Amino acid sequence: MSQPSDAPLSVPQAVISAEAASLALQAAVDHARKIGVRINVAVADSGGNLAGFLRMPGAFVQSIDIAIDKAYTAAGFGFSTKDWMAVIGHDEGMKLGFSARPRLVVFGGGLPIRGADGLIGGIGVSGASEAQDEECARAALKAIGAE
């Protein structure tokens, strides 16, 4: 199957820089320390690939994958993991089907990261309450100017 000669063979994709990912991770951990919780925090690029991860000593080991999957979900869909069920609405088939997908997280703590070029990644925090996880993620976004 041939493409017209003017069809692009690639599409540019904006991704979070290593420096911004590192700053976001540290800001989330700093905020967690300030509010007295222990977290795991992950940053994914806009393709859902892991760009960085930090685990505070004593954070739940089970939350490692949850933080990574929250970042993956937020980066992949471009909205908060907390908003998943509201976006799906009352469609039970969609709720059951999507929630059964591996790596998809449908509760709070994952936020998209947007830059000047649009969606550049996602951040996921896990280990505290849903509200505290999201608070740490928001502190990270603020630190990199992506609120």
# chains A, B, ... in the order shown; residues from 1 in each chain; ligands from 1

call {"tool": "select_by_dssp", "arguments": {"residues": "region 40-132 of chain A", "states": "helix (DSSP H, G or I)", "output": "ChimeraX atom specification"}}
result
/A:63-77,81-88,92-99,130-132

call {"tool": "atom_distance", "arguments": {"atom1": "CA of Gly110 (chain A)", "atom2": "CA of Val43 (chain A)"}}
result
9.5 Å

call {"tool": "residues_around", "arguments": {"residues": "region 92-103 of chain A", "least_positions_apart": "3", "cutoff": "12 Å", "atoms": "only C-alpha atoms", "output": "ChimeraX atom specification"}}
result
/A:48,65-74,76,81,84-89,106-107,124

call {"tool": "atom_distance", "arguments": {"atom1": "CA of Ser126 (chain A)", "atom2": "CA of Val61 (chain A)"}}
result
10.0 Å

call {"tool": "closest_residue", "arguments": {"among": "A:Ile144, A:Ala24, A:Leu54, A:Cys136", "to": "Asn40 (chain A)", "atoms": "only C-alpha atoms"}}
result
A:Leu54

call {"tool": "select_by_dssp", "arguments": {"residues": "chain A", "states": "strand (DSSP E)", "output": "list of chain:residue names"}}
result
A:Asn40, A:Val41, A:Ala42, A:Val43, A:Ala44, A:Asp45, A:Leu50, A:Ala51, A:Gly52, A:Phe53, A:Leu54, A:Arg55, A:Gly110, A:Leu111, A:Pro112, A:Ile113, A:Arg114, A:Gly115, A:Gly118, A:Leu119, A:Ile120, A:Gly121, A:Gly122, A:Ile123, A:Gly124, A:Val125, A:Ser126

call {"tool": "closest_residue", "arguments": {"among": "A:Glu135, A:Asp117, A:Asp45, A:Asp91", "to": "Val29 (chain A)", "atoms": "only C-alpha atoms"}}
result
A:Glu135

call {"tool": "residues_around", "arguments": {"residues": "Ala32 (chain A)", "least_positions_apart": "5", "cutoff": "10 Å", "atoms": "only C-alpha atoms", "output": "ChimeraX atom specification"}}
result
/A:26-27,37-40,56,125,127-128,132-133,135-137,139

call {"tool": "write_last_selection", "arguments": {"atoms": "C-alpha atoms", "output": "mmCIF file, in the first residue's frame"}}
result
data_model
loop_
_atom_site.group_PDB
_atom_site.id
_atom_site.type_symbol
_atom_site.label_atom_id
_atom_site.label_comp_id
_atom_site.auth_asym_id
_atom_site.auth_seq_id
_atom_site.Cartn_x
_atom_site.Cartn_y
_atom_site.Cartn_z
ATOM 1 C CA GLN A 26 11.940 15.628 43.775
ATOM 2 C CA ALA A 27 9.166 18.191 44.284
ATOM 3 C CA VAL A 37 3.622 10.676 54.120
ATOM 4 C CA ARG A 38 5.819 8.231 52.200
ATOM 5 C CA ILE A 39 5.229 7.852 48.501
ATOM 6 C CA ASN A 40 6.373 6.322 45.279
ATOM 7 C CA MET A 56 10.803 7.147 49.541
ATOM 8 C CA VAL A 125 1.923 9.217 42.978
ATOM 9 C CA GLY A 127 1.437 5.428 48.880
ATOM 10 C CA ALA A 128 -0.738 7.883 50.784
ATOM 11 C CA GLN A 132 -2.526 13.264 49.442
ATOM 12 C CA ASP A 133 -1.231 11.466 46.350
ATOM 13 C CA GLU A 135 -1.592 16.906 46.350
ATOM 14 C CA CYS A 136 1.977 15.632 45.872
ATOM 15 C CA ALA A 137 1.445 15.326 42.109
ATOM 16 C CA ALA A 139 3.167 20.152 43.897
#

call {"tool": "atom_distance", "arguments": {"atom1": "CA of Leu25 (chain A)", "atom2": "CA of Val11 (chain A)"}}
result
28.1 Å

call {"tool": "closest_atom_pairs", "arguments": {"of": "region 28-107 of chain A", "to": "region 15-23 of chain A", "cutoff": "9 Å", "atoms": "only C-alpha atoms", "output": "tab-separated table"}}
result
residue	atom	partner	partner_atom	distance
A:Ala28	CA	A:Leu23	CA	8.7
A:Ala42	CA	A:Ala21	CA	8.7
A:Val43	CA	A:Ala21	CA	6.2
A:Ala44	CA	A:Ile16	CA	8.1
A:Asp45	CA	A:Val15	CA	5.3
A:Ser46	CA	A:Val15	CA	5.4
A:Gly47	CA	A:Val15	CA	7.8
A:Ala51	CA	A:Ala21	CA	6.7
A:Gly52	CA	A:Ala21	CA	6.2
A:Phe53	CA	A:Ser22	CA	8.4

call {"tool": "write_last_selection", "arguments": {"atoms": "all heavy atoms", "output": "compact mmCIF listing (two decimals), in the first residue's frame"}}
result
# COMPACT_ATOMS: atom_id res chain seq x y z
N ALA A 28 7.66 16.28 44.29
CA ALA A 28 6.61 15.42 44.87
C ALA A 28 7.08 14.81 46.18
O ALA A 28 6.34 14.77 47.17
CB ALA A 28 6.21 14.33 43.87
N ALA A 42 6.22 8.47 39.97
CA ALA A 42 6.72 8.15 38.64
C ALA A 42 6.34 9.24 37.67
O ALA A 42 5.28 9.86 37.80
CB ALA A 42 6.14 6.82 38.16
N VAL A 43 7.20 9.47 36.69
CA VAL A 43 6.91 10.36 35.59
C VAL A 43 7.03 9.55 34.31
O VAL A 43 8.01 8.82 34.12
CB VAL A 43 7.87 11.57 35.55
CG1 VAL A 43 7.70 12.38 34.27
CG2 VAL A 43 7.65 12.46 36.77
N ALA A 44 6.02 9.68 33.45
CA ALA A 44 6.04 9.04 32.13
C ALA A 44 6.10 10.14 31.07
O ALA A 44 5.61 11.25 31.29
CB ALA A 44 4.79 8.20 31.93
N ASP A 45 6.69 9.82 29.93
CA ASP A 45 6.67 10.78 28.83
C ASP A 45 5.32 10.69 28.12
O ASP A 45 4.46 9.90 28.51
CB ASP A 45 7.87 10.58 27.89
CG ASP A 45 7.85 9.28 27.11
OD1 ASP A 45 6.79 8.63 26.98
OD2 ASP A 45 8.92 8.90 26.61
N SER A 46 5.13 11.48 27.08
CA SER A 46 3.83 11.51 26.41
C SER A 46 3.47 10.20 25.72
O SER A 46 2.31 9.98 25.38
CB SER A 46 3.77 12.67 25.41
OG SER A 46 4.80 12.56 24.45
N GLY A 47 4.42 9.33 25.53
CA GLY A 47 4.14 8.01 24.98
C GLY A 47 3.85 6.96 26.05
O GLY A 47 3.63 5.79 25.74
N ALA A 51 9.87 7.82 32.46
CA ALA A 51 10.93 8.81 32.32
C ALA A 51 11.70 9.00 33.61
O ALA A 51 12.82 9.50 33.60
CB ALA A 51 10.34 10.15 31.87
N GLY A 52 11.10 8.60 34.74
CA GLY A 52 11.77 8.72 36.03
C GLY A 52 10.92 8.16 37.14
O GLY A 52 9.69 8.07 37.02
N PHE A 53 11.59 7.77 38.24
CA PHE A 53 10.89 7.17 39.37
C PHE A 53 11.68 7.41 40.65
O PHE A 53 12.91 7.36 40.63
CB PHE A 53 10.73 5.65 39.15
CG PHE A 53 10.08 4.95 40.31
CD1 PHE A 53 8.70 4.93 40.42
CD2 PHE A 53 10.84 4.36 41.29
CE1 PHE A 53 8.09 4.32 41.51
CE2 PHE A 53 10.25 3.74 42.39
CZ PHE A 53 8.86 3.72 42.49

call {"tool": "closest_residue", "arguments": {"among": "A:His90, A:Ser63, A:Phe79, A:Ile35", "to": "Ala131 (chain A)", "atoms": "only C-alpha atoms"}}
result
A:Ile35

call {"tool": "closest_residue", "arguments": {"among": "A:Asp83, A:Glu147, A:Asp6, A:Glu134", "to": "Arg114 (chain A)", "atoms": "only C-alpha atoms"}}
result
A:Glu147
